[in-house]
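Data block below; observations after.
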Amino acid sequence: METETKLDRNTMPALGKPSKIDIIHAVESKLPNGIPVYSVNGGTQDVVKIELIFPAGTRQQNMPLIADTTNAMLEEGTTKHNSEEIASLLDYYGAFLETSAHHDYASVALYSLGKHFSKVLPVLEELVKLPSFPDQELDVYLTNRKQRFLVEEKKVRVVAARNFPALLFGDNHPYGHATKMEEYDAVKKEKLAAFHKGHYSSNGCTIIVAGKIKDAVVNALSDNFGKDDWKGNVESNGKAVTIESSSEKKHYIPKDKALQSAIRMGRMLFLKNHEDAIPFQILNVILGGYFGSRLMSNIREDKGYTYGISSGVVFLKEAGYFQIASEVGSDVCDKALVEIYKEMDRLCTEPVPAAELQLVKNYLRGNVLRSMDGPFALAERFKQVWMHGLDYSYYEKYINTLAEITSAQLKDIACKYLQKDSIYELVVGNKKV
Amino acid sequence: MIQFERFTLANGLKVIVHRDTSTPMACVNVLYNVGARDEDPERTGFAHLFEHLMFGGSINIPDFDNVLQQAGGENNAFTNNDITNYYLSLPASNIEVAFWLESDRMLSLAFSDKSLEVQRSVVIEEYKQSYLNQPYGDVWLELPKLAYKVHPYLWPTIGKEIDHIKHAVMGDVRAFFQKFYCPNNAILAVSGNVTVEQVKALCEKWFAPIPPGNPPMRKLPVEPKQTQARKLELERDVPVDAIYKAYHMGARMDQSFYAMELLADILTDGNASRMYVELVKNKKLFSEIGAFTLESFDPGLFIISGKLSEGVTLEVADEAIQEELKKIVLAQVKKEEMEKAKNKTESSLIFSEMSILNKAMNLAIFEVLGNAEDVNKETERFTKVTEVDLLVEASRVINENNCSTLYYRSKSKVNGN
């Protein structure tokens, strides 16, 4: 075919000019009672997401499971409506609730069509202000959670994920604590009510709204959350706990007959505002942060030891850490570990080749665009800097660092943080094959 | 509402374009009309293994991912019983790279021995990770086999057994590519910050030169009507007993599908759903319960699965499910229940259209099901279902003689510790 002979299929088409990345900022305003509201207005669909954030995470609790359970029980009944009625009200308008408790905060989010927003917002108000933690619901919740806990304990991946942070932080630290079955039995209604009173009030609340934000949305927010009827004394963090990293680096939790073993490796890092935070994240991508990463290329695409392997950086308010996660055939677990250490060592000893670095830079630039696509994504980007006391200049710094970082700088960072003897290792599975 | 334009190239490739200028990104979705149902019963798992091989280098481009990442892109793919679907997203300014990549692997693969060898191992690890090393993982190997006797839905996408994957050879790979990976067996959907003219020109340049193939006409055995209740009991090392009930139902594009989707919602979606309130909250027979359809293109399954509460027997749990289902076939669901289920569904559809990737994928899927325009008729099809329709459809489906029941027993419970 004539066209075929003319067409050059061996050369990559020229890349377009990297488009300037416009970061749409959240706009700050305040409700009459002082609650800060950050809004990202945009998108093609008439939808709204509102997220209420409270200082009510595990860092703020004084005993295990209280933050999680308080948060999950909000939708299980109020002084005015029971759990079924609450769900019916939201279902009727096609609205969805998303509750989650994290280490540093807890959140209650509501997704709604724009046209129904003012009708479902009072439901959100009620469950945030007037939860009743009914006995029957709490009992069902805890019983079923215990069952799920038992099922999850059968998964090597889950056991590894639960136990690895304890190696870095110690089991007493809320960032490191691995839940135990019997802890569910100590959860009592009074504890939840007290935790709610101390942590879910207007004083500590921050609101992030995203989507098509019309005047009606803003007015509804003031009506439902802007008054002084839910003021409280925000309690400070739970008791101060020191970080106690394990004295041993290598750990093994046997699971007989496991066909695959779960691997977690990593170490403590620094806070998100640390000068090495951005360079380390770029280094992490090269090691295990994308499909073409060194760990994926070696351990999956070259050796076929696993279906997937990845590494990541976790930034919390008071700490940061790095971890690698995979499930590998139990018969090749030792070989996989050798290769993982080899890849970390290679970053410490050999500079990243120019072509690979350029590829990662291009990939990450595309990723920045992707991660800021649409109002919900932009709201998340805002939250991820605000949470750490940073502002949008973080993203500018990220984009600049990405453009300027060199192989030599990355090698220095690797030498600083990826030395073999600084790495904690946890294997959950079967080493006896 | 997703606005789009459609055209077909001379070689038979169908192209759909959806323009969305609110984003700097573009998505390219290539759907091949081949899934696990098209496999030889003696060589199952091939469509999925093949999906892995599509990343092992094409005739002119040794490394798909490497190139895409240079262009700031990201991609993935999935295979199910019906189709194999590849999708990627990248800055719209680099859209031509996506056309170069996708057209080259449609033209021909590199057929590298190393890639085959490695991906066989990777898929075997995936098999272990998803089906063998997970509590309750093998349900999805066993339940379809019980429900289907002749239709290829009887084997799972990953394959009947690991040996089928182990024994795949290069000859099979080449033959599979020849048979199914041709422009007239594919649908290309492009969404995002692109114009129709731009996509047309890029299609002419990159895809038009690919010669058409001869994809086989699909002639799958029709599953005979089930006339007797089927039962299977398994005993495994899991902490709690579980039950699975699978009822034969209609195909994806039958109007009856929409009734069953709404029924699933009414039964188990959320804190106000019937089975959740009755069986989890009030009677405390289950710690979790779910009803869902498999959304398969050919006549599929309506499944109810539940994990039992401590001290409840499988027989009691089974009876309780049947009792709830009896209520559905004895009287129409309440108007409010129906309305809630419809509103939730409509709202989910609106939220899903926030993503240009979802839009491209759905356009391609509805096109292969018959007509991309149907993507915009989903809401109407759900709205149209009346309480009477639901009753009629449920009465046809909900019947023990149309059901395969799996009792999944906990070994530790059986041994009494």
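Ligands are numbered from 1 in the order shown, residues from 1 within each chain, and chains are lettered A, B, ... in the order they appear in the structure tokens.
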Long-range neighbours of region 49-61 of chain B as a CSV table (one decimal) with all heavy atoms, in the first residue's frame, 8 Å cut-off, only C-alpha atoms, 6 positions minimum in chain:
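The result, stored in result-v2.csv:
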chain,number,residue,atom,x,y,z
A,9,ARG,N,6.5,4.4,10.8
A,9,ARG,CA,6.0,3.9,12.0
A,9,ARG,C,7.1,3.7,13.1
A,9,ARG,O,6.8,3.2,14.2
A,9,ARG,CB,5.2,2.6,11.8
A,9,ARG,CG,3.9,2.8,11.1
A,9,ARG,CD,3.1,1.5,11.2
A,9,ARG,NE,1.8,1.6,10.5
A,9,ARG,CZ,0.6,2.0,11.1
A,9,ARG,NH1,0.6,2.3,12.4
A,9,ARG,NH2,-0.5,2.1,10.4
A,10,ASN,N,8.3,4.0,12.7
A,10,ASN,CA,9.4,3.7,13.6
A,10,ASN,C,9.7,4.9,14.5
A,10,ASN,O,10.4,4.8,15.5
A,10,ASN,CB,10.6,3.3,12.9
A,10,ASN,CG,10.4,1.9,12.3
A,10,ASN,OD1,10.2,1.0,13.0
A,10,ASN,ND2,10.5,1.9,10.9
B,77,ALA,N,-5.8,-1.9,31.0
B,77,ALA,CA,-6.7,-2.7,30.2
B,77,ALA,C,-7.4,-3.7,31.0
B,77,ALA,O,-7.0,-4.0,32.1
B,77,ALA,CB,-5.8,-3.5,29.1
B,78,PHE,N,-8.5,-4.2,30.6
B,78,PHE,CA,-9.1,-5.3,31.3
B,78,PHE,C,-9.8,-6.3,30.3
B,78,PHE,O,-10.1,-5.9,29.1
B,78,PHE,CB,-10.2,-4.8,32.2
B,78,PHE,CG,-11.4,-4.1,31.6
B,78,PHE,CD1,-12.5,-4.9,31.1
B,78,PHE,CD2,-11.5,-2.8,31.5
B,78,PHE,CE1,-13.5,-4.3,30.5
B,78,PHE,CE2,-12.6,-2.1,30.9
B,78,PHE,CZ,-13.6,-2.9,30.4
B,79,THR,N,-9.9,-7.5,30.7
B,79,THR,CA,-10.5,-8.5,29.9
B,79,THR,C,-11.7,-9.1,30.7
B,79,THR,O,-11.5,-9.2,31.9
B,79,THR,CB,-9.6,-9.7,29.6
B,79,THR,OG1,-8.4,-9.1,29.1
B,79,THR,CG2,-10.2,-10.6,28.6
B,84,THR,N,-12.3,-7.4,25.4
B,84,THR,CA,-11.0,-7.0,25.8
B,84,THR,C,-10.9,-5.5,25.6
B,84,THR,O,-11.1,-5.1,24.4
B,84,THR,CB,-9.9,-7.8,25.1
B,84,THR,OG1,-10.2,-9.1,25.1
B,84,THR,CG2,-8.5,-7.6,25.9
B,101,LEU,N,0.8,4.4,18.8
B,101,LEU,CA,0.9,3.2,19.7
B,101,LEU,C,-0.2,2.2,19.4
B,101,LEU,O,0.1,1.0,19.2
B,101,LEU,CB,0.9,3.6,21.1
B,101,LEU,CG,2.1,4.2,21.8
B,101,LEU,CD1,1.8,4.8,23.1
B,101,LEU,CD2,3.2,3.2,21.9
B,104,ASP,N,-0.1,0.6,15.9
B,104,ASP,CA,1.0,-0.3,15.7
B,104,ASP,C,0.7,-1.7,16.3
B,104,ASP,O,1.0,-2.7,15.6
B,104,ASP,CB,2.4,0.3,16.2
B,104,ASP,CG,3.5,-0.4,15.5
B,104,ASP,OD1,3.6,-0.3,14.3
B,104,ASP,OD2,4.4,-1.0,16.2
B,105,ARG,N,0.1,-1.7,17.4
B,105,ARG,CA,-0.2,-3.0,18.0
B,105,ARG,C,-1.4,-3.6,17.4
B,105,ARG,O,-1.6,-4.8,17.5
B,105,ARG,CB,-0.2,-3.0,19.5
B,105,ARG,CG,-1.2,-2.2,20.2
B,105,ARG,CD,-1.0,-2.4,21.7
B,105,ARG,NE,-2.0,-1.6,22.5
B,105,ARG,CZ,-2.1,-1.6,23.8
B,105,ARG,NH1,-1.2,-2.3,24.5
B,105,ARG,NH2,-3.0,-0.9,24.4
B,107,LEU,N,-1.7,-3.4,14.1
B,107,LEU,CA,-1.1,-3.8,12.8
B,107,LEU,C,-0.4,-5.2,13.1
B,107,LEU,O,-0.7,-6.2,12.4
B,107,LEU,CB,0.0,-2.8,12.4
B,107,LEU,CG,0.7,-3.0,11.1
B,107,LEU,CD1,-0.2,-2.9,9.9
B,107,LEU,CD2,1.9,-2.0,10.9
B,108,SER,N,0.5,-5.2,14.1
B,108,SER,CA,1.1,-6.5,14.4
B,108,SER,C,1.9,-6.4,15.7
B,108,SER,O,2.5,-5.4,16.0
B,108,SER,CB,2.0,-7.0,13.3
B,108,SER,OG,2.6,-8.2,13.7
B,109,LEU,N,1.9,-7.5,16.4
B,109,LEU,CA,2.7,-7.6,17.6
B,109,LEU,C,4.1,-8.0,17.3
B,109,LEU,O,4.4,-8.4,16.2
B,109,LEU,CB,2.1,-8.6,18.6
B,109,LEU,CG,0.9,-8.2,19.4
B,109,LEU,CD1,0.5,-9.2,20.4
B,109,LEU,CD2,1.0,-6.8,20.0
B,110,ALA,N,5.0,-7.9,18.3
B,110,ALA,CA,6.4,-8.3,18.0
B,110,ALA,C,6.5,-9.8,18.2
B,110,ALA,O,7.5,-10.5,17.8
B,110,ALA,CB,7.4,-7.6,19.0
B,111,PHE,N,5.6,-10.4,18.9
B,111,PHE,CA,5.6,-11.9,19.3
B,111,PHE,C,6.9,-12.3,19.9
B,111,PHE,O,7.6,-13.2,19.3
B,111,PHE,CB,5.3,-12.7,18.0
B,111,PHE,CG,3.9,-12.4,17.4
B,111,PHE,CD1,3.8,-11.8,16.2
B,111,PHE,CD2,2.8,-12.7,18.2
B,111,PHE,CE1,2.5,-11.5,15.7
B,111,PHE,CE2,1.5,-12.4,17.6
B,111,PHE,CZ,1.4,-11.8,16.4
B,112,SER,N,7.3,-11.6,21.0
B,112,SER,CA,8.5,-12.0,21.6
B,112,SER,C,8.4,-13.1,22.6
B,112,SER,O,7.4,-13.2,23.3
B,112,SER,CB,9.0,-10.7,22.4
B,112,SER,OG,9.3,-11.0,23.7
B,115,SER,N,8.6,-12.2,26.2
B,115,SER,CA,7.3,-11.6,26.7
B,115,SER,C,6.3,-12.7,27.1
B,115,SER,O,5.7,-12.7,28.1
B,115,SER,CB,6.8,-10.6,25.7
B,115,SER,OG,5.5,-10.2,26.1
B,116,LEU,N,6.2,-13.7,26.2
B,116,LEU,CA,5.3,-14.8,26.5
B,116,LEU,C,5.6,-15.5,27.7
B,116,LEU,O,4.8,-15.8,28.6
B,116,LEU,CB,5.2,-15.7,25.3
B,116,LEU,CG,4.3,-17.0,25.5
B,116,LEU,CD1,2.9,-16.6,25.8
B,116,LEU,CD2,4.3,-17.9,24.2
B,119,GLN,N,5.0,-13.2,30.9
B,119,GLN,CA,3.6,-12.9,31.1
B,119,GLN,C,2.8,-14.2,31.6
B,119,GLN,O,1.8,-14.1,32.3
B,119,GLN,CB,2.9,-12.2,29.9
B,119,GLN,CG,3.4,-10.8,29.7
B,119,GLN,CD,3.4,-9.9,30.9
B,119,GLN,OE1,2.5,-9.9,31.7
B,119,GLN,NE2,4.5,-9.2,31.1
B,120,ARG,N,3.3,-15.3,31.1
B,120,ARG,CA,2.7,-16.6,31.6
B,120,ARG,C,2.9,-16.6,33.1
B,120,ARG,O,1.9,-16.9,33.9
B,120,ARG,CB,3.4,-17.8,31.0
B,120,ARG,CG,2.7,-18.3,29.8
B,120,ARG,CD,3.1,-19.7,29.4
B,120,ARG,NE,4.6,-19.8,29.3
B,120,ARG,CZ,5.2,-20.1,28.2
B,120,ARG,NH1,4.6,-20.4,27.1
B,120,ARG,NH2,6.5,-20.2,28.2
B,123,VAL,N,0.7,-13.9,34.9
B,123,VAL,CA,-0.7,-14.3,35.0
B,123,VAL,C,-0.9,-15.4,36.0
B,123,VAL,O,-1.9,-15.4,36.7
B,123,VAL,CB,-1.3,-14.6,33.6
B,123,VAL,CG1,-2.7,-15.2,33.7
B,123,VAL,CG2,-1.3,-13.4,32.7
B,158,ILE,N,-10.0,-15.6,33.8
B,158,ILE,CA,-8.5,-15.9,34.1
B,158,ILE,C,-8.2,-17.3,33.6
B,158,ILE,O,-7.0,-17.7,33.3
B,158,ILE,CB,-8.2,-15.8,35.6
B,158,ILE,CG1,-6.7,-15.8,35.8
B,158,ILE,CG2,-8.9,-16.8,36.4
B,158,ILE,CD1,-6.1,-14.6,36.2
B,165,ILE,N,-2.8,-21.9,31.1
B,165,ILE,CA,-2.0,-20.8,30.9
B,165,ILE,C,-0.5,-21.2,30.7
B,165,ILE,O,0.2,-20.8,29.8
B,165,ILE,CB,-2.1,-19.8,32.1
B,165,ILE,CG1,-3.5,-19.3,32.2
B,165,ILE,CG2,-1.1,-18.6,32.0
B,165,ILE,CD1,-4.0,-18.9,33.6
B,173,VAL,N,-0.6,-17.8,20.2
B,173,VAL,CA,-0.7,-16.4,20.3
B,173,VAL,C,-0.8,-15.7,18.9
B,173,VAL,O,-1.7,-14.9,18.7
B,173,VAL,CB,0.7,-15.8,21.0
B,173,VAL,CG1,0.7,-14.3,21.0
B,173,VAL,CG2,0.8,-16.4,22.4
Using only C-alpha atoms, tabulate the residues of region 76-175 of chain B lying at most 12 Å from any atom of region 352-374 of chain B, each with its closest atom pair and that distance in Å to one decimal, by chain and increasing residue number, as a Markdown table.
| residue | atom | partner | partner_atom | distance |
| --- | --- | --- | --- | --- |
| B:Asn76 | CA | B:Leu357 | CA | 11.4 |
| B:Ala77 | CA | B:Met361 | CA | 10.9 |
| B:Phe78 | CA | B:Met361 | CA | 11.3 |
| B:Asp82 | CA | B:Val368 | CA | 10.0 |
| B:Ile83 | CA | B:Ile365 | CA | 8.7 |
| B:Thr84 | CA | B:Ile365 | CA | 10.3 |
| B:Asn85 | CA | B:Met361 | CA | 8.3 |
| B:Tyr86 | CA | B:Met361 | CA | 9.0 |
| B:Tyr87 | CA | B:Met361 | CA | 7.7 |
| B:Leu88 | CA | B:Leu357 | CA | 8.1 |
| B:Ser89 | CA | B:Leu357 | CA | 7.4 |
| B:Leu90 | CA | B:Leu357 | CA | 10.7 |
| B:Ala92 | CA | B:Ile356 | CA | 11.8 |
Would you output that residue set with C-alpha atoms, as a PDB file, in the first residue's frame?
ATOM      1  CA  ASN B  76      -4.406   0.001  31.528  1.00  0.00           C
ATOM      2  CA  ALA B  77      -6.652  -2.709  30.155  1.00  0.00           C
ATOM      3  CA  PHE B  78      -9.149  -5.303  31.252  1.00  0.00           C
ATOM      4  CA  ASP B  82     -17.270 -10.565  26.682  1.00  0.00           C
ATOM      5  CA  ILE B  83     -14.593  -8.100  25.599  1.00  0.00           C
ATOM      6  CA  THR B  84     -10.984  -6.998  25.845  1.00  0.00           C
ATOM      7  CA  ASN B  85     -10.616  -3.272  26.455  1.00  0.00           C
ATOM      8  CA  TYR B  86      -7.512  -1.059  26.359  1.00  0.00           C
ATOM      9  CA  TYR B  87      -7.556   2.531  27.538  1.00  0.00           C
ATOM     10  CA  LEU B  88      -5.116   5.352  28.005  1.00  0.00           C
ATOM     11  CA  SER B  89      -5.132   8.993  28.991  1.00  0.00           C
ATOM     12  CA  LEU B  90      -2.573  11.632  28.113  1.00  0.00           C
ATOM     13  CA  ALA B  92      -4.427  16.230  24.584  1.00  0.00           C
TER      14      ALA B  92
END
Which one is closest to Arg381 (chain B): B:Asn80, B:Gln322, B:Asn94, B:Ser256? Count only C-alpha atoms.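 Checking each candidate against Arg381 (chain B), we get B:Ser256 as the closest.
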For Phe195 (chain A), list every protein, DNA or RNA residue within 9 Å, evaluated using only C-alpha atoms, and leave out those in the same chain fewer than 2 positions away; present the list as a tab-separated table (two decimals) with C-alpha atoms, in the first residue's frame.
chain	number	residue	atom	x	y	z
A	56	ALA	CA	-11.18	13.53	64.90
A	61	GLN	CA	-8.29	9.37	70.17
A	66	ILE	CA	-12.86	5.25	68.85
A	67	ALA	CA	-12.18	7.63	65.96
A	70	THR	CA	-17.53	7.40	65.97
A	190	GLU	CA	-20.47	6.65	76.06
A	191	LYS	CA	-16.93	6.77	74.68
A	192	LEU	CA	-18.23	7.53	71.20
A	193	ALA	CA	-20.60	10.21	72.43
A	197	LYS	CA	-18.69	16.02	71.70
A	198	GLY	CA	-15.00	16.83	71.93
A	199	HIS	CA	-14.14	16.69	68.25
A	200	TYR	CA	-17.13	17.29	65.98
Please, what distance in Å, to one decimal, runs between CA of Glu323 (chain B) and CA of Pro239 (chain B)?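 Distance between the two atoms: 26.1 Å.
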Which residues of region 218-247 of chain A have any atom within 10 Å of an atom in region 45-54 of chain A when counting only C-alpha atoms, and what is the closest pair of atoms for each, with the distance in Å to one decimal? Order the rows by chain and rising number and write it as JSON lines.
{"residue": "A:Leu221", "atom": "CA", "partner": "A:Ile50", "partner_atom": "CA", "distance": 9.5}
{"residue": "A:Phe225", "atom": "CA", "partner": "A:Leu52", "partner_atom": "CA", "distance": 10.0}
{"residue": "A:Val234", "atom": "CA", "partner": "A:Phe54", "partner_atom": "CA", "distance": 9.7}
Just write the chosen residues, C-alpha atoms, as a PDB file, in the first residue's frame.
ATOM      1  CA  LEU A 221     -24.143  26.074  53.850  1.00  0.00           C
ATOM      2  CA  PHE A 225     -23.608  24.920  59.349  1.00  0.00           C
ATOM      3  CA  VAL A 234     -12.048  21.319  70.650  1.00  0.00           C
TER       4      VAL A 234
END
To test your reading of the structure, identify every residue in region 1-182 of chain A that backbone DSSP assigns to strand (DSSP E), and report it as a PDB file with N, CA and C atoms, in the first residue's frame.
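Saved file part11.pdb follows:
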ATOM      1  N   VAL A  27     -11.215  28.845  46.485  1.00  0.00           N
ATOM      2  CA  VAL A  27     -11.483  30.199  46.981  1.00  0.00           C
ATOM      3  C   VAL A  27     -11.916  30.106  48.440  1.00  0.00           C
ATOM      4  N   GLU A  28     -11.296  30.908  49.287  1.00  0.00           N
ATOM      5  CA  GLU A  28     -11.617  30.835  50.709  1.00  0.00           C
ATOM      6  C   GLU A  28     -12.700  31.830  51.092  1.00  0.00           C
ATOM      7  N   SER A  29     -13.642  31.395  51.921  1.00  0.00           N
ATOM      8  CA  SER A  29     -14.625  32.313  52.499  1.00  0.00           C
ATOM      9  C   SER A  29     -14.892  31.817  53.912  1.00  0.00           C
ATOM     10  N   LYS A  30     -15.757  32.535  54.622  1.00  0.00           N
ATOM     11  CA  LYS A  30     -16.039  32.087  55.995  1.00  0.00           C
ATOM     12  C   LYS A  30     -17.540  32.085  56.236  1.00  0.00           C
ATOM     13  N   PRO A  36     -14.089  28.061  58.117  1.00  0.00           N
ATOM     14  CA  PRO A  36     -13.527  28.346  56.790  1.00  0.00           C
ATOM     15  C   PRO A  36     -14.118  27.413  55.727  1.00  0.00           C
ATOM     16  N   VAL A  37     -14.480  28.006  54.576  1.00  0.00           N
ATOM     17  CA  VAL A  37     -15.014  27.213  53.469  1.00  0.00           C
ATOM     18  C   VAL A  37     -14.092  27.412  52.266  1.00  0.00           C
ATOM     19  N   TYR A  38     -13.624  26.335  51.688  1.00  0.00           N
ATOM     20  CA  TYR A  38     -12.786  26.402  50.484  1.00  0.00           C
ATOM     21  C   TYR A  38     -13.576  25.816  49.323  1.00  0.00           C
ATOM     22  N   SER A  39     -13.784  26.613  48.273  1.00  0.00           N
ATOM     23  CA  SER A  39     -14.635  26.155  47.177  1.00  0.00           C
ATOM     24  C   SER A  39     -13.869  26.055  45.867  1.00  0.00           C
ATOM     25  N   VAL A  40     -14.118  24.963  45.157  1.00  0.00           N
ATOM     26  CA  VAL A  40     -13.597  24.824  43.793  1.00  0.00           C
ATOM     27  C   VAL A  40     -14.807  24.721  42.874  1.00  0.00           C
ATOM     28  N   ASN A  41     -15.027  25.769  42.114  1.00  0.00           N
ATOM     29  CA  ASN A  41     -16.209  25.830  41.259  1.00  0.00           C
ATOM     30  C   ASN A  41     -15.824  25.420  39.838  1.00  0.00           C
ATOM     31  N   VAL A  47     -23.269  18.816  39.719  1.00  0.00           N
ATOM     32  CA  VAL A  47     -23.109  18.005  40.930  1.00  0.00           C
ATOM     33  C   VAL A  47     -22.298  18.792  41.959  1.00  0.00           C
ATOM     34  N   VAL A  48     -22.493  18.439  43.209  1.00  0.00           N
ATOM     35  CA  VAL A  48     -21.746  19.097  44.282  1.00  0.00           C
ATOM     36  C   VAL A  48     -21.218  18.040  45.241  1.00  0.00           C
ATOM     37  N   LYS A  49     -19.979  18.227  45.669  1.00  0.00           N
ATOM     38  CA  LYS A  49     -19.447  17.404  46.752  1.00  0.00           C
ATOM     39  C   LYS A  49     -19.103  18.334  47.901  1.00  0.00           C
ATOM     40  N   ILE A  50     -19.608  18.043  49.074  1.00  0.00           N
ATOM     41  CA  ILE A  50     -19.228  18.837  50.235  1.00  0.00           C
ATOM     42  C   ILE A  50     -18.548  17.916  51.232  1.00  0.00           C
ATOM     43  N   GLU A  51     -17.402  18.343  51.729  1.00  0.00           N
ATOM     44  CA  GLU A  51     -16.670  17.536  52.698  1.00  0.00           C
ATOM     45  C   GLU A  51     -16.452  18.338  53.968  1.00  0.00           C
ATOM     46  N   LEU A  52     -16.885  17.799  55.096  1.00  0.00           N
ATOM     47  CA  LEU A  52     -16.636  18.428  56.391  1.00  0.00           C
ATOM     48  C   LEU A  52     -15.467  17.691  57.030  1.00  0.00           C
ATOM     49  N   ILE A  53     -14.469  18.463  57.449  1.00  0.00           N
ATOM     50  CA  ILE A  53     -13.279  17.848  58.021  1.00  0.00           C
ATOM     51  C   ILE A  53     -13.155  18.244  59.486  1.00  0.00           C
ATOM     52  N   PHE A  54     -12.903  17.251  60.329  1.00  0.00           N
ATOM     53  CA  PHE A  54     -12.796  17.494  61.773  1.00  0.00           C
ATOM     54  C   PHE A  54     -11.491  16.917  62.312  1.00  0.00           C
ATOM     55  N   PHE A  96     -25.135  10.512  47.976  1.00  0.00           N
ATOM     56  CA  PHE A  96     -24.271   9.489  48.566  1.00  0.00           C
ATOM     57  C   PHE A  96     -23.454  10.082  49.692  1.00  0.00           C
ATOM     58  N   LEU A  97     -23.306   9.294  50.733  1.00  0.00           N
ATOM     59  CA  LEU A  97     -22.517   9.720  51.875  1.00  0.00           C
ATOM     60  C   LEU A  97     -21.195   8.966  51.878  1.00  0.00           C
ATOM     61  N   GLU A  98     -20.141   9.637  52.301  1.00  0.00           N
ATOM     62  CA  GLU A  98     -18.839   8.968  52.393  1.00  0.00           C
ATOM     63  C   GLU A  98     -18.202   9.389  53.717  1.00  0.00           C
ATOM     64  N   THR A  99     -18.120   8.464  54.653  1.00  0.00           N
ATOM     65  CA  THR A  99     -17.500   8.822  55.929  1.00  0.00           C
ATOM     66  C   THR A  99     -16.167   8.104  56.021  1.00  0.00           C
ATOM     67  N   SER A 100     -15.161   8.793  56.572  1.00  0.00           N
ATOM     68  CA  SER A 100     -13.872   8.130  56.728  1.00  0.00           C
ATOM     69  C   SER A 100     -13.079   8.770  57.855  1.00  0.00           C
ATOM     70  N   ALA A 101     -12.398   7.927  58.617  1.00  0.00           N
ATOM     71  CA  ALA A 101     -11.517   8.431  59.666  1.00  0.00           C
ATOM     72  C   ALA A 101     -10.089   8.083  59.273  1.00  0.00           C
ATOM     73  N   ALA A 106     -10.872  13.302  60.520  1.00  0.00           N
ATOM     74  CA  ALA A 106     -11.994  12.473  60.075  1.00  0.00           C
ATOM     75  C   ALA A 106     -12.830  13.323  59.140  1.00  0.00           C
ATOM     76  N   SER A 107     -13.501  12.677  58.206  1.00  0.00           N
ATOM     77  CA  SER A 107     -14.257  13.458  57.247  1.00  0.00           C
ATOM     78  C   SER A 107     -15.632  12.847  56.996  1.00  0.00           C
ATOM     79  N   VAL A 108     -16.581  13.739  56.691  1.00  0.00           N
ATOM     80  CA  VAL A 108     -17.929  13.322  56.330  1.00  0.00           C
ATOM     81  C   VAL A 108     -18.239  14.047  55.033  1.00  0.00           C
ATOM     82  N   ALA A 109     -18.411  13.302  53.961  1.00  0.00           N
ATOM     83  CA  ALA A 109     -18.624  13.943  52.663  1.00  0.00           C
ATOM     84  C   ALA A 109     -19.979  13.535  52.094  1.00  0.00           C
ATOM     85  N   LEU A 110     -20.582  14.448  51.390  1.00  0.00           N
ATOM     86  CA  LEU A 110     -21.871  14.187  50.759  1.00  0.00           C
ATOM     87  C   LEU A 110     -21.784  14.569  49.287  1.00  0.00           C
ATOM     88  N   TYR A 111     -22.209  13.643  48.430  1.00  0.00           N
ATOM     89  CA  TYR A 111     -22.260  13.902  46.989  1.00  0.00           C
ATOM     90  C   TYR A 111     -23.720  14.054  46.603  1.00  0.00           C
ATOM     91  N   SER A 112     -24.031  15.112  45.879  1.00  0.00           N
ATOM     92  CA  SER A 112     -25.431  15.322  45.517  1.00  0.00           C
ATOM     93  C   SER A 112     -25.545  15.978  44.149  1.00  0.00           C
ATOM     94  N   LEU A 113     -26.685  15.747  43.503  1.00  0.00           N
ATOM     95  CA  LEU A 113     -26.977  16.523  42.302  1.00  0.00           C
ATOM     96  C   LEU A 113     -27.221  17.955  42.759  1.00  0.00           C
TER      97      LEU A 113
END
Using only C-alpha atoms, which of A:Phe376, A:Tyr307, A:Phe164, A:Phe382 sits nearest chain B? A:Tyr307
Residues near His151 (chain B), anyone? I mean within 8 Å using only C-alpha atoms, not counting same-chain ones fewer than 3 positions away, as a ChimeraX atom specification. /B:37,148,154,220-223
With C-alpha atoms retained, export the selected residues as a compact mmCIF listing (two decimals), in the first residue's frame.
# COMPACT_ATOMS: atom_id res chain seq x y z
CA ARG B 37 -16.45 -16.62 25.89
CA TYR B 148 -23.62 -22.90 33.25
CA LEU B 154 -18.92 -21.55 32.64
CA LEU B 220 -21.95 -19.68 21.04
CA PRO B 221 -23.94 -22.57 22.45
CA VAL B 222 -27.13 -21.40 24.08
CA GLU B 223 -27.48 -22.35 27.73
DSSP-assigned helix (DSSP H, G or I) members of region 243-348 of chain B, reported as a ChimeraX atom specification: /B:255-268,274-282,314-330,335-348
Selected residue, from A:Arg157, A:Lys431, A:Lys80, A:Arg148, that lies nearest to Val123 (chain A) when counting only C-alpha atoms: A:Lys80
Name the closest residue to chain B among the candidates A:Pro375, A:Gly366, A:Pro279, A:Gly389; distances are taken between atoms, counting only C-alpha atoms.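 Smallest separation from chain B among the options: A:Gly366.
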Two-atom distance - CA of Ala408 (chain A), CA of Val67 (chain B) (Å):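 Value for the CA of Ala408 (chain A)-CA of Val67 (chain B) distance: 24.2 Å.
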